[in-house]
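For reference, start.pdb is printed below; it contains PDB, C-alpha atoms and all ligand atoms.
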```pdb
ATOM      1  CA  MET A   1     -67.458  -7.929 -19.786
ATOM      2  CA  SER A   2     -68.027  -4.436 -18.400
ATOM      3  CA  PRO A   3     -65.931  -3.031 -15.539
ATOM      4  CA  SER A   4     -68.924  -3.486 -13.232
ATOM      5  CA  SER A   5     -69.369  -7.149 -14.221
ATOM      6  CA  PRO A   6     -70.312  -9.420 -11.298
ATOM      7  CA  THR A   7     -67.286 -11.635 -12.034
ATOM      8  CA  ARG A   8     -65.038  -8.859 -10.687
ATOM      9  CA  LEU A   9     -64.482  -8.262  -7.030
ATOM     10  CA  PRO A  10     -65.942  -4.887  -6.016
ATOM     11  CA  ALA A  11     -62.696  -3.078  -5.188
ATOM     12  CA  GLY A  12     -59.779  -5.444  -5.841
ATOM     13  CA  PRO A  13     -56.436  -3.822  -6.535
ATOM     14  CA  GLY A  14     -54.915  -4.814  -9.850
ATOM     15  CA  VAL A  15     -51.715  -4.424 -11.835
ATOM     16  CA  ARG A  16     -50.952  -3.078 -15.299
ATOM     17  CA  VAL A  17     -48.223  -4.734 -17.318
ATOM     18  CA  ARG A  18     -46.686  -3.772 -20.658
ATOM     19  CA  ALA A  19     -44.977  -6.321 -22.929
ATOM     20  CA  PRO A  20     -43.102  -5.578 -26.158
ATOM     21  CA  SER A  21     -43.460  -6.956 -29.679
ATOM     22  CA  LYS A  22     -40.387  -8.268 -31.480
ATOM     23  CA  VAL A  23     -38.808  -8.437 -34.871
ATOM     24  CA  ASN A  24     -36.156 -10.991 -35.760
ATOM     25  CA  LEU A  25     -33.246  -9.014 -37.202
ATOM     26  CA  TYR A  26     -31.758 -12.328 -38.217
ATOM     27  CA  LEU A  27     -33.341 -15.789 -38.333
ATOM     28  CA  ALA A  28     -31.516 -18.911 -39.504
ATOM     29  CA  VAL A  29     -33.657 -22.051 -39.463
ATOM     30  CA  GLY A  30     -31.904 -25.414 -39.071
ATOM     31  CA  ASP A  31     -33.304 -28.907 -39.296
ATOM     32  CA  VAL A  32     -36.565 -30.082 -37.796
ATOM     33  CA  ARG A  33     -36.030 -31.870 -34.459
ATOM     34  CA  ASP A  34     -37.696 -34.890 -32.880
ATOM     35  CA  ASP A  35     -40.015 -32.590 -30.872
ATOM     36  CA  GLY A  36     -41.325 -30.983 -34.103
ATOM     37  CA  TYR A  37     -39.475 -27.696 -33.512
ATOM     38  CA  HIS A  38     -36.634 -26.403 -35.678
ATOM     39  CA  ASP A  39     -33.230 -25.431 -34.353
ATOM     40  CA  LEU A  40     -32.811 -21.680 -34.720
ATOM     41  CA  VAL A  41     -30.106 -19.073 -34.559
ATOM     42  CA  THR A  42     -31.891 -15.768 -34.279
ATOM     43  CA  VAL A  43     -31.391 -12.182 -33.182
ATOM     44  CA  PHE A  44     -34.489 -10.873 -31.424
ATOM     45  CA  HIS A  45     -35.096  -7.150 -31.095
ATOM     46  CA  ALA A  46     -37.913  -5.824 -28.866
ATOM     47  CA  LEU A  47     -40.005  -2.888 -30.101
ATOM     48  CA  ASP A  48     -42.000  -0.256 -28.214
ATOM     49  CA  LEU A  49     -45.148  -1.348 -30.068
ATOM     50  CA  ALA A  50     -46.555  -3.121 -26.998
ATOM     51  CA  ASP A  51     -49.645  -4.802 -25.540
ATOM     52  CA  GLU A  52     -50.891  -3.610 -22.170
ATOM     53  CA  LEU A  53     -52.615  -5.981 -19.747
ATOM     54  CA  THR A  54     -54.696  -5.054 -16.708
ATOM     55  CA  ILE A  55     -54.935  -7.960 -14.289
ATOM     56  CA  THR A  56     -57.469  -7.782 -11.471
ATOM     57  CA  PRO A  57     -58.504 -10.344  -8.828
ATOM     58  CA  ALA A  58     -61.970 -11.615  -9.726
ATOM     59  CA  ARG A  59     -64.545 -14.195  -8.666
ATOM     60  CA  ARG A  60     -64.082 -16.049 -11.962
ATOM     61  CA  SER A  61     -61.157 -16.099 -14.397
ATOM     62  CA  SER A  62     -61.653 -14.318 -17.712
ATOM     63  CA  VAL A  63     -59.635 -12.886 -20.602
ATOM     64  CA  ARG A  64     -60.947  -9.971 -22.626
ATOM     65  CA  CYS A  65     -59.058  -8.486 -25.566
ATOM     66  CA  THR A  66     -59.708  -5.159 -27.298
ATOM     67  CA  PRO A  67     -59.889  -5.267 -30.269
ATOM     68  CA  ALA A  68     -60.826  -8.943 -30.150
ATOM     69  CA  ASP A  69     -60.400  -9.786 -33.866
ATOM     70  CA  GLY A  70     -58.584 -13.067 -34.331
ATOM     71  CA  VAL A  71     -57.439 -13.381 -30.702
ATOM     72  CA  PRO A  72     -58.015 -16.898 -29.314
ATOM     73  CA  ALA A  73     -60.712 -16.839 -26.629
ATOM     74  CA  GLY A  74     -61.152 -18.947 -23.499
ATOM     75  CA  ALA A  75     -58.832 -21.865 -22.766
ATOM     76  CA  LYS A  76     -56.724 -21.258 -25.905
ATOM     77  CA  ASN A  77     -55.672 -17.745 -24.932
ATOM     78  CA  LEU A  78     -51.979 -17.816 -24.063
ATOM     79  CA  ALA A  79     -52.365 -15.213 -21.280
ATOM     80  CA  GLY A  80     -54.983 -17.393 -19.556
ATOM     81  CA  MET A  81     -52.785 -20.457 -20.034
ATOM     82  CA  ALA A  82     -49.881 -18.546 -18.467
ATOM     83  CA  VAL A  83     -51.940 -17.737 -15.368
ATOM     84  CA  ARG A  84     -53.015 -21.368 -14.967
ATOM     85  CA  LEU A  85     -49.458 -22.679 -15.400
ATOM     86  CA  LEU A  86     -48.045 -20.159 -12.913
ATOM     87  CA  ALA A  87     -50.715 -21.052 -10.336
ATOM     88  CA  GLN A  88     -49.987 -24.761 -10.837
ATOM     89  CA  ARG A  89     -46.199 -24.445 -10.583
ATOM     90  CA  THR A  90     -46.253 -22.194  -7.522
ATOM     91  CA  ARG A  91     -49.391 -23.648  -5.876
ATOM     92  CA  SER A  92     -50.718 -20.147  -5.310
ATOM     93  CA  GLY A  93     -52.906 -17.475  -6.833
ATOM     94  CA  GLY A  94     -56.598 -17.231  -7.511
ATOM     95  CA  PRO A  95     -58.966 -16.246 -10.315
ATOM     96  CA  VAL A  96     -58.104 -13.068 -12.223
ATOM     97  CA  ALA A  97     -59.766 -10.961 -14.900
ATOM     98  CA  ILE A  98     -57.319 -10.044 -17.674
ATOM     99  CA  ASP A  99     -57.992  -7.118 -20.007
ATOM    100  CA  ILE A 100     -55.653  -6.938 -22.988
ATOM    101  CA  ALA A 101     -55.315  -3.635 -24.861
ATOM    102  CA  LYS A 102     -53.944  -5.046 -28.100
ATOM    103  CA  GLN A 103     -51.500  -3.113 -30.257
ATOM    104  CA  ILE A 104     -49.381  -6.004 -31.554
ATOM    105  CA  PRO A 105     -50.806  -7.498 -34.777
ATOM    106  CA  VAL A 106     -52.488 -10.869 -34.258
ATOM    107  CA  ALA A 107     -50.765 -13.799 -36.061
ATOM    108  CA  GLY A 108     -48.397 -11.190 -37.497
ATOM    109  CA  GLY A 109     -44.994 -12.721 -36.711
ATOM    110  CA  MET A 110     -44.350 -10.207 -33.914
ATOM    111  CA  ALA A 111     -44.944 -12.568 -30.954
ATOM    112  CA  GLY A 112     -48.110 -10.864 -29.715
ATOM    113  CA  GLY A 113     -49.406 -14.011 -27.998
ATOM    114  CA  SER A 114     -46.037 -14.555 -26.332
ATOM    115  CA  ALA A 115     -46.010 -10.923 -25.157
ATOM    116  CA  ASP A 116     -49.413 -11.425 -23.510
ATOM    117  CA  ALA A 117     -48.223 -14.649 -21.848
ATOM    118  CA  ALA A 118     -45.086 -12.907 -20.542
ATOM    119  CA  ALA A 119     -47.166  -9.994 -19.248
ATOM    120  CA  ALA A 120     -49.584 -12.371 -17.508
ATOM    121  CA  LEU A 121     -46.671 -14.136 -15.771
ATOM    122  CA  VAL A 122     -45.057 -10.875 -14.608
ATOM    123  CA  GLY A 123     -48.417  -9.378 -13.571
ATOM    124  CA  CYS A 124     -49.631 -12.383 -11.581
ATOM    125  CA  ALA A 125     -46.220 -12.855  -9.947
ATOM    126  CA  ALA A 126     -46.544  -9.254  -8.691
ATOM    127  CA  LEU A 127     -50.222  -9.561  -7.767
ATOM    128  CA  TRP A 128     -49.708 -12.779  -5.832
ATOM    129  CA  GLU A 129     -46.447 -11.470  -4.310
ATOM    130  CA  LEU A 130     -44.544 -14.557  -5.477
ATOM    131  CA  ASP A 131     -40.919 -14.931  -4.551
ATOM    132  CA  LEU A 132     -39.758 -15.736  -8.109
ATOM    133  CA  ASP A 133     -36.781 -14.331  -9.956
ATOM    134  CA  ARG A 134     -36.602 -13.734 -13.731
ATOM    135  CA  ARG A 135     -34.859 -17.052 -14.316
ATOM    136  CA  GLN A 136     -37.696 -18.987 -12.681
ATOM    137  CA  LEU A 137     -40.329 -17.009 -14.618
ATOM    138  CA  THR A 138     -38.384 -17.719 -17.818
ATOM    139  CA  GLU A 139     -38.446 -21.472 -17.110
ATOM    140  CA  ILE A 140     -42.243 -21.323 -16.838
ATOM    141  CA  GLY A 141     -42.468 -19.050 -19.899
ATOM    142  CA  ARG A 142     -40.469 -21.519 -21.999
ATOM    143  CA  GLU A 143     -43.224 -24.119 -21.497
ATOM    144  CA  LEU A 144     -45.781 -21.726 -22.995
ATOM    145  CA  GLY A 145     -43.954 -20.978 -26.246
ATOM    146  CA  ALA A 146     -40.523 -20.534 -27.795
ATOM    147  CA  ASP A 147     -40.820 -16.709 -27.931
ATOM    148  CA  VAL A 148     -42.021 -16.163 -24.339
ATOM    149  CA  PRO A 149     -38.532 -16.019 -22.745
ATOM    150  CA  PHE A 150     -37.598 -13.147 -25.078
ATOM    151  CA  ALA A 151     -40.845 -11.276 -24.339
ATOM    152  CA  LEU A 152     -39.786 -11.427 -20.671
ATOM    153  CA  ALA A 153     -36.210 -10.316 -21.400
ATOM    154  CA  GLY A 154     -36.664  -7.596 -24.056
ATOM    155  CA  GLY A 155     -33.725  -5.638 -25.479
ATOM    156  CA  THR A 156     -31.720  -7.304 -28.235
ATOM    157  CA  ALA A 157     -30.731 -10.936 -27.761
ATOM    158  CA  LEU A 158     -29.282 -13.923 -29.545
ATOM    159  CA  GLY A 159     -31.660 -16.898 -29.400
ATOM    160  CA  THR A 160     -30.623 -20.507 -29.989
ATOM    161  CA  GLY A 161     -32.308 -23.879 -29.461
ATOM    162  CA  ARG A 162     -35.995 -23.312 -30.283
ATOM    163  CA  GLY A 163     -35.198 -19.586 -29.978
ATOM    164  CA  ASP A 164     -35.728 -19.814 -26.213
ATOM    165  CA  LEU A 165     -32.092 -19.984 -25.052
ATOM    166  CA  LEU A 166     -31.036 -16.357 -24.836
ATOM    167  CA  SER A 167     -27.912 -14.308 -24.440
ATOM    168  CA  PRO A 168     -27.921 -10.513 -24.562
ATOM    169  CA  VAL A 169     -26.400  -8.756 -27.593
ATOM    170  CA  MET A 170     -24.383  -5.606 -27.123
ATOM    171  CA  THR A 171     -25.620  -2.754 -29.269
ATOM    172  CA  ARG A 172     -25.459   1.013 -29.265
ATOM    173  CA  ALA A 173     -28.024   1.200 -32.035
ATOM    174  CA  ARG A 174     -31.382   2.888 -31.486
ATOM    175  CA  LEU A 175     -33.377   1.539 -34.416
ATOM    176  CA  HIS A 176     -36.394   3.175 -36.058
ATOM    177  CA  TRP A 177     -38.877   0.953 -37.848
ATOM    178  CA  VAL A 178     -41.939   1.096 -40.045
ATOM    179  CA  LEU A 179     -44.176  -1.948 -39.723
ATOM    180  CA  ALA A 180     -46.433  -2.894 -42.618
ATOM    181  CA  MET A 181     -49.355  -4.965 -41.346
ATOM    182  CA  ALA A 182     -50.863  -7.388 -43.840
ATOM    183  CA  GLU A 183     -54.464  -8.333 -44.476
ATOM    184  CA  GLY A 184     -54.960 -11.526 -42.392
ATOM    185  CA  GLY A 185     -52.321 -13.530 -40.513
ATOM    186  CA  LEU A 186     -50.065 -16.516 -41.115
ATOM    187  CA  SER A 187     -49.892 -19.635 -38.950
ATOM    188  CA  THR A 188     -46.359 -20.147 -37.603
ATOM    189  CA  PRO A 189     -46.414 -23.975 -37.981
ATOM    190  CA  ALA A 190     -47.684 -23.560 -41.574
ATOM    191  CA  VAL A 191     -44.779 -21.239 -42.450
ATOM    192  CA  PHE A 192     -42.176 -23.614 -40.956
ATOM    193  CA  ALA A 193     -43.809 -26.497 -42.871
ATOM    194  CA  GLU A 194     -43.698 -24.468 -46.101
ATOM    195  CA  LEU A 195     -39.971 -23.848 -45.579
ATOM    196  CA  ASP A 196     -39.426 -27.607 -45.107
ATOM    197  CA  ARG A 197     -41.345 -28.195 -48.360
ATOM    198  CA  LEU A 198     -39.336 -25.573 -50.294
ATOM    199  CA  ARG A 199     -36.099 -27.072 -48.973
ATOM    200  CA  GLU A 200     -37.101 -30.567 -50.099
ATOM    201  CA  GLN A 201     -37.297 -29.048 -53.588
ATOM    202  CA  GLY A 202     -33.741 -27.727 -53.220
ATOM    203  CA  ASN A 203     -34.392 -24.063 -52.449
ATOM    204  CA  PRO A 204     -34.375 -21.304 -51.168
ATOM    205  CA  PRO A 205     -30.792 -20.286 -50.196
ATOM    206  CA  ARG A 206     -30.000 -20.033 -46.481
ATOM    207  CA  VAL A 207     -29.086 -16.783 -44.696
ATOM    208  CA  LYS A 208     -25.387 -16.033 -44.160
ATOM    209  CA  PRO A 209     -23.729 -16.640 -40.743
ATOM    210  CA  VAL A 210     -24.899 -14.433 -37.862
ATOM    211  CA  ASP A 211     -21.512 -12.728 -37.329
ATOM    212  CA  THR A 212     -22.222  -9.907 -39.785
ATOM    213  CA  MET A 213     -25.379  -8.948 -37.871
ATOM    214  CA  LEU A 214     -23.620  -9.092 -34.484
ATOM    215  CA  ALA A 215     -20.801  -6.875 -35.811
ATOM    216  CA  ALA A 216     -23.324  -4.423 -37.281
ATOM    217  CA  LEU A 217     -25.163  -4.178 -33.943
ATOM    218  CA  ALA A 218     -21.907  -3.632 -32.065
ATOM    219  CA  GLY A 219     -21.054  -0.820 -34.521
ATOM    220  CA  GLY A 220     -24.485   0.749 -34.075
ATOM    221  CA  GLU A 221     -24.902   1.984 -37.682
ATOM    222  CA  PRO A 222     -28.499   1.439 -38.910
ATOM    223  CA  ALA A 223     -27.294   1.071 -42.530
ATOM    224  CA  ALA A 224     -24.975  -1.803 -41.551
ATOM    225  CA  VAL A 225     -27.784  -3.469 -39.559
ATOM    226  CA  ALA A 226     -30.093  -3.083 -42.574
ATOM    227  CA  ALA A 227     -27.514  -4.733 -44.853
ATOM    228  CA  ALA A 228     -27.280  -7.699 -42.454
ATOM    229  CA  LEU A 229     -31.069  -8.298 -42.092
ATOM    230  CA  GLY A 230     -31.990 -11.861 -43.050
ATOM    231  CA  ASN A 231     -34.755 -14.380 -42.390
ATOM    232  CA  ASP A 232     -34.914 -17.966 -43.666
ATOM    233  CA  LEU A 233     -38.700 -17.926 -43.104
ATOM    234  CA  GLN A 234     -39.197 -15.005 -45.498
ATOM    235  CA  ALA A 235     -39.256 -17.167 -48.654
ATOM    236  CA  ALA A 236     -41.845 -19.455 -47.039
ATOM    237  CA  ALA A 237     -44.035 -16.529 -45.911
ATOM    238  CA  VAL A 238     -43.818 -14.984 -49.391
ATOM    239  CA  SER A 239     -44.656 -18.348 -50.960
ATOM    240  CA  LEU A 240     -47.862 -18.477 -48.853
ATOM    241  CA  GLN A 241     -48.648 -14.754 -49.295
ATOM    242  CA  PRO A 242     -47.084 -13.615 -52.609
ATOM    243  CA  GLU A 243     -48.464 -10.045 -52.125
ATOM    244  CA  LEU A 244     -45.669  -9.570 -49.563
ATOM    245  CA  ARG A 245     -43.231  -9.149 -52.459
ATOM    246  CA  ARG A 246     -44.973  -5.909 -53.418
ATOM    247  CA  THR A 247     -44.929  -4.700 -49.799
ATOM    248  CA  LEU A 248     -41.174  -5.355 -49.549
ATOM    249  CA  ARG A 249     -40.519  -3.470 -52.801
ATOM    250  CA  ALA A 250     -42.772  -0.552 -51.789
ATOM    251  CA  GLY A 251     -40.987   0.019 -48.451
ATOM    252  CA  GLU A 252     -37.567   0.049 -50.040
ATOM    253  CA  ALA A 253     -38.797   2.366 -52.829
ATOM    254  CA  ALA A 254     -40.180   4.673 -50.103
ATOM    255  CA  GLY A 255     -36.678   5.149 -48.682
ATOM    256  CA  ALA A 256     -36.230   2.446 -46.029
ATOM    257  CA  LEU A 257     -32.656   1.181 -45.550
ATOM    258  CA  GLY A 258     -33.891  -2.395 -45.718
ATOM    259  CA  GLY A 259     -36.920  -4.597 -45.116
ATOM    260  CA  VAL A 260     -37.518  -8.078 -43.758
ATOM    261  CA  VAL A 261     -40.533 -10.254 -43.019
ATOM    262  CA  SER A 262     -40.893 -10.308 -39.228
ATOM    263  CA  GLY A 263     -40.533 -13.882 -37.878
ATOM    264  CA  SER A 264     -43.045 -16.092 -39.672
ATOM    265  CA  GLY A 265     -44.851 -13.020 -41.061
ATOM    266  CA  PRO A 266     -46.851 -11.594 -42.600
ATOM    267  CA  THR A 267     -45.860  -8.256 -40.974
ATOM    268  CA  VAL A 268     -42.942  -6.646 -42.851
ATOM    269  CA  ALA A 269     -40.476  -4.564 -40.821
ATOM    270  CA  PHE A 270     -38.581  -1.736 -42.537
ATOM    271  CA  LEU A 271     -35.490  -0.297 -40.902
ATOM    272  CA  CYS A 272     -35.065   3.461 -41.444
ATOM    273  CA  ALA A 273     -32.149   5.839 -40.948
ATOM    274  CA  ASP A 274     -33.827   7.800 -38.126
ATOM    275  CA  ALA A 275     -37.220   8.757 -36.657
ATOM    276  CA  GLU A 276     -37.820  11.428 -39.287
ATOM    277  CA  SER A 277     -37.142   9.058 -42.155
ATOM    278  CA  ALA A 278     -39.439   6.455 -40.528
ATOM    279  CA  GLY A 279     -42.252   9.029 -40.507
ATOM    280  CA  ALA A 280     -41.756   9.757 -44.206
ATOM    281  CA  VAL A 281     -41.512   6.062 -45.167
ATOM    282  CA  ALA A 282     -44.672   5.310 -43.137
ATOM    283  CA  ALA A 283     -46.617   8.056 -44.919
ATOM    284  CA  GLU A 284     -45.581   6.845 -48.353
ATOM    285  CA  LEU A 285     -46.134   3.183 -47.572
ATOM    286  CA  ALA A 286     -49.604   3.944 -46.179
ATOM    287  CA  GLY A 287     -50.564   5.367 -49.559
ATOM    288  CA  SER A 288     -49.008   2.541 -51.588
ATOM    289  CA  GLY A 289     -51.959   0.152 -51.331
ATOM    290  CA  THR A 290     -49.599  -2.737 -50.517
ATOM    291  CA  CYS A 291     -50.588  -3.296 -46.875
ATOM    292  CA  ARG A 292     -53.550  -3.025 -44.488
ATOM    293  CA  SER A 293     -51.983  -0.435 -42.171
ATOM    294  CA  VAL A 294     -48.615   0.925 -41.069
ATOM    295  CA  ARG A 295     -47.091   1.755 -37.689
ATOM    296  CA  VAL A 296     -43.816   3.331 -36.633
ATOM    297  CA  ALA A 297     -41.899   1.790 -33.741
ATOM    298  CA  ALA A 298     -38.457   1.950 -32.150
ATOM    299  CA  GLY A 299     -36.190  -0.497 -30.382
ATOM    300  CA  PRO A 300     -34.692  -1.874 -28.307
ATOM    301  CA  ALA A 301     -37.566  -1.832 -25.776
ATOM    302  CA  PRO A 302     -37.586  -3.415 -22.307
ATOM    303  CA  GLY A 303     -39.175  -6.806 -21.559
ATOM    304  CA  ALA A 304     -42.531  -7.375 -19.846
ATOM    305  CA  ARG A 305     -42.824  -5.166 -16.773
ATOM    306  CA  VAL A 306     -45.331  -3.775 -14.327
ATOM    307  CA  ILE A 307     -46.285  -0.156 -14.997
ATOM    308  CA  PRO A 308     -46.333   1.868 -11.793
ATOM    309  CA  THR A 309     -49.863   3.175 -11.381
ATOM    310  CA  SER A 310     -52.552   3.856  -8.828
ATOM    311  CA  PRO A 311     -54.479   0.668  -7.961
ATOM    312  CA  VAL A 312     -57.050  -0.435 -10.540
ATOM    313  CA  ARG A 313     -60.559  -0.537  -9.128
ATOM    314  CA  GLY A 314     -62.871  -3.285 -10.369
TER     315      GLY A 314
HETATM  316  O1  LIG A 401     -43.519 -22.368 -29.419
HETATM  317  P1  LIG A 401     -44.571 -21.772 -30.291
HETATM  318  O2  LIG A 401     -45.956 -22.180 -29.862
HETATM  319  O3  LIG A 401     -44.441 -20.323 -30.504
HETATM  320  O4  LIG A 401     -44.362 -22.428 -31.744
HETATM  321  C1  LIG A 401     -45.409 -22.542 -32.659
HETATM  322  C2  LIG A 401     -45.030 -23.541 -33.745
HETATM  323  O5  LIG A 401     -44.031 -22.981 -34.610
HETATM  324  C3  LIG A 401     -44.442 -24.852 -33.282
HETATM  325  O6  LIG A 401     -45.435 -25.792 -32.942
HETATM  326  C4  LIG A 401     -43.644 -25.309 -34.510
HETATM  327  O7  LIG A 401     -44.479 -25.861 -35.494
HETATM  328  C5  LIG A 401     -43.137 -23.973 -35.067
HETATM  329  N1  LIG A 401     -41.778 -23.679 -34.556
HETATM  330  C6  LIG A 401     -40.719 -24.438 -35.040
HETATM  331  N2  LIG A 401     -39.445 -24.190 -34.560
HETATM  332  C7  LIG A 401     -39.224 -23.199 -33.661
HETATM  333  C8  LIG A 401     -40.288 -22.395 -33.167
HETATM  334  C9  LIG A 401     -41.563 -22.680 -33.641
HETATM  335  O8  LIG A 401     -40.893 -25.339 -35.872
HETATM  336  N3  LIG A 401     -37.985 -23.010 -33.216
END
```

Can the structure in the file be given as structure tokens, please?
Amino acid sequence: MSPSSPTRLPAGPGVRVRAPSKVNLYLAVGDVRDDGYHDLVTVFHALDLADELTITPARRSSVRCTPADGVPAGAKNLAGMAVRLLAQRTRSGGPVAIDIAKQIPVAGGMAGGSADAAAALVGCAALWELDLDRRQLTEIGRELGADVPFALAGGTALGTGRGDLLSPVMTRARLHWVLAMAEGGLSTPAVFAELDRLREQGNPPRVKPVDTMLAALAGGEPAAVAAALGNDLQAAAVSLQPELRRTLRAGEAAGALGGVVSGSGPTVAFLCADAESAGAVAAELAGSGTCRSVRVAAGPAPGARVIPTSPVRG
């Protein structure tokens, strides 16, 4: 849809919202529950690799994503679902056109869909001048997906339950990352199911308790954080995409302090000593032929928030 599309109002003011991606520094997966979810203990960490949404009042609701590859269209788009749920819960609002400038890899284990949902909630709450606090937005976000509350909160946080019950984690660490994007994505339910299957066969081993990671974050030393990285879903992601083993080896050979599959993958996140080292690791990894593309990023980054700007004209 072009900016002059007839579905837009001629001169409606809009809002721009930025929402962060995440890596799980630590992810322990417990048993599957009656609702089909698994109990988690996880440490989320928000990165400045972010999606940006422009939300504008329109005659008809629409969601456009650039680039569009692999992003669910129409009713299945989580940002559109977020707008509908918010309108329903608050009995307010009206049709909006959402433009997503996508930076977060699609189906990459970095919660890109959840970021877009969080941004849509924050953006529409501002646009419709709703009297909602963060806690109320989080309650609505939780219904959209387990990772949406963290996309609203940002920073570094301990997640329990489905990963949606959050408490902030104290850290002085500024962490520099290289992200290795894989060819294609992985379905989150498929990766959880693969872990269940591997466990029925008696493996793989579970990650150690979370205390080591929390102590490393409190200390703020990237090397200690790297030593404490762990993800129960990694074995399942590698089982479904065995090429990830080569990516993990290549990043560590390039000088990263440590690497971990991000969430359910297939993006691999490499923690580096500092920004300079991240640049060098990214350059070497890009030439290794073990991933589709690489990006550098830093964290912690803030949660979904409106970007102050002059009004968007439709
Ligand atoms: O909540 P969300 O839509 O992000 O979850 C996608 C799927 O990932 C769930 O339907 C479930 O299969 C799996 N999942 C899980 N346990 C969690 C989070 C997600 O099994 N704690």

Produce as a compact mmCIF listing (two decimals) with C-alpha atoms, in the coordinates of the input the set of residues near ligand LIG 401 (chain A), where near means within 7 Å with only C-alpha atoms and all ligand atoms considered.
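Writing the result to out03.txt gives the following:
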```txt
# COMPACT_ATOMS: atom_id res chain seq x y z
CA VAL A 32 -36.56 -30.08 -37.80
CA GLY A 36 -41.32 -30.98 -34.10
CA TYR A 37 -39.48 -27.70 -33.51
CA HIS A 38 -36.63 -26.40 -35.68
CA ASP A 39 -33.23 -25.43 -34.35
CA LEU A 40 -32.81 -21.68 -34.72
CA LEU A 144 -45.78 -21.73 -23.00
CA GLY A 145 -43.95 -20.98 -26.25
CA ALA A 146 -40.52 -20.53 -27.80
CA ASP A 147 -40.82 -16.71 -27.93
CA GLY A 161 -32.31 -23.88 -29.46
CA ARG A 162 -35.99 -23.31 -30.28
CA GLY A 163 -35.20 -19.59 -29.98
CA THR A 188 -46.36 -20.15 -37.60
CA PRO A 189 -46.41 -23.98 -37.98
CA PHE A 192 -42.18 -23.61 -40.96
```

May I ask which of the residues A:Ala58, A:Val106, A:Met81, A:Val15 is the closest one to Arg305 in chain A, counting only C-alpha atoms? A:Val15

Specify as a list in words each residue included when the PyMOL selection byres (((chain A and resi 280) around 12) and not hetatm) is applied to this file. His176, Trp177, Val178, Gly251, Ala253, Ala254, Gly255, Ala256, Cys272, Ala273, Asp274, Ala275, Glu276, Ser277, Ala278, Gly279, Val281, Ala282, Ala283, Glu284, Leu285, Ala286, Gly287, Val294, Arg295 and Val296 of chain A

Target residues per the PyMOL selection byres (((chain A and resi 198-207) around 10) and not hetatm), formatted as a PyMOL selection string: chain A and resi 26-30+192-197+208-210+228-236+239

Please evaluate the PyMOL selection byres (((chain A and resi 185) around 8) and not hetatm) against the displayed coordinates and give the resulting residues as number ranges by chain. A: 106-108, 182-184, 186-187, 265-266

Go through A:Thr56, A:Ser114, A:Thr171, A:Asn24 one by one, measure the shortest atom-to-atom distance of each to Pro149 in chain A using all atoms listed in the file, and give the residue with the smallest value. A:Ser114

Can you pull out the residues contacting Gly123 in chain A? Cut-off 12 Å, using all atoms listed in the file, and skip same-chain residues under 3 positions away; I want them as a PyMOL selection string. chain A and resi 14-19+52-57+79-80+82-83+86+93+96-99+115-120+126-130+137+152+304-308

Using C-alpha atoms, can you write the selected residues to a file as a tab-separated table (two decimals), in the coordinates of the input?
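To be explicit, this is the file written out as again-v6.tsv:
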```
chain	number	residue	atom	x	y	z
A	14	GLY	CA	-54.92	-4.81	-9.85
A	15	VAL	CA	-51.72	-4.42	-11.84
A	16	ARG	CA	-50.95	-3.08	-15.30
A	17	VAL	CA	-48.22	-4.73	-17.32
A	18	ARG	CA	-46.69	-3.77	-20.66
A	19	ALA	CA	-44.98	-6.32	-22.93
A	52	GLU	CA	-50.89	-3.61	-22.17
A	53	LEU	CA	-52.62	-5.98	-19.75
A	54	THR	CA	-54.70	-5.05	-16.71
A	55	ILE	CA	-54.94	-7.96	-14.29
A	56	THR	CA	-57.47	-7.78	-11.47
A	57	PRO	CA	-58.50	-10.34	-8.83
A	79	ALA	CA	-52.36	-15.21	-21.28
A	80	GLY	CA	-54.98	-17.39	-19.56
A	82	ALA	CA	-49.88	-18.55	-18.47
A	83	VAL	CA	-51.94	-17.74	-15.37
A	86	LEU	CA	-48.04	-20.16	-12.91
A	93	GLY	CA	-52.91	-17.48	-6.83
A	96	VAL	CA	-58.10	-13.07	-12.22
A	97	ALA	CA	-59.77	-10.96	-14.90
A	98	ILE	CA	-57.32	-10.04	-17.67
A	99	ASP	CA	-57.99	-7.12	-20.01
A	115	ALA	CA	-46.01	-10.92	-25.16
A	116	ASP	CA	-49.41	-11.42	-23.51
A	117	ALA	CA	-48.22	-14.65	-21.85
A	118	ALA	CA	-45.09	-12.91	-20.54
A	119	ALA	CA	-47.17	-9.99	-19.25
A	120	ALA	CA	-49.58	-12.37	-17.51
A	126	ALA	CA	-46.54	-9.25	-8.69
A	127	LEU	CA	-50.22	-9.56	-7.77
A	128	TRP	CA	-49.71	-12.78	-5.83
A	129	GLU	CA	-46.45	-11.47	-4.31
A	130	LEU	CA	-44.54	-14.56	-5.48
A	137	LEU	CA	-40.33	-17.01	-14.62
A	152	LEU	CA	-39.79	-11.43	-20.67
A	304	ALA	CA	-42.53	-7.38	-19.85
A	305	ARG	CA	-42.82	-5.17	-16.77
A	306	VAL	CA	-45.33	-3.78	-14.33
A	307	ILE	CA	-46.28	-0.16	-15.00
A	308	PRO	CA	-46.33	1.87	-11.79
```

Find the spatial neighbours of Ala269 in chain A, counting only C-alpha atoms, within a cut-off of 9 Å - ignore same-chain residues fewer than 3 positions away - and output them as a short mmCIF file (atom, residue, chain, number, x, y, z; two decimals) with C-alpha atoms, in the frame of the given file.
```cif
data_model
loop_
_atom_site.label_atom_id
_atom_site.label_comp_id
_atom_site.auth_asym_id
_atom_site.auth_seq_id
_atom_site.Cartn_x
_atom_site.Cartn_y
_atom_site.Cartn_z
CA VAL A 23 -38.81 -8.44 -34.87
CA TRP A 177 -38.88 0.95 -37.85
CA VAL A 178 -41.94 1.10 -40.04
CA LEU A 179 -44.18 -1.95 -39.72
CA ALA A 180 -46.43 -2.89 -42.62
CA MET A 181 -49.36 -4.96 -41.35
CA LEU A 248 -41.17 -5.36 -49.55
CA GLY A 251 -40.99 0.02 -48.45
CA GLY A 258 -33.89 -2.40 -45.72
CA GLY A 259 -36.92 -4.60 -45.12
CA VAL A 260 -37.52 -8.08 -43.76
CA VAL A 261 -40.53 -10.25 -43.02
CA SER A 262 -40.89 -10.31 -39.23
#
```
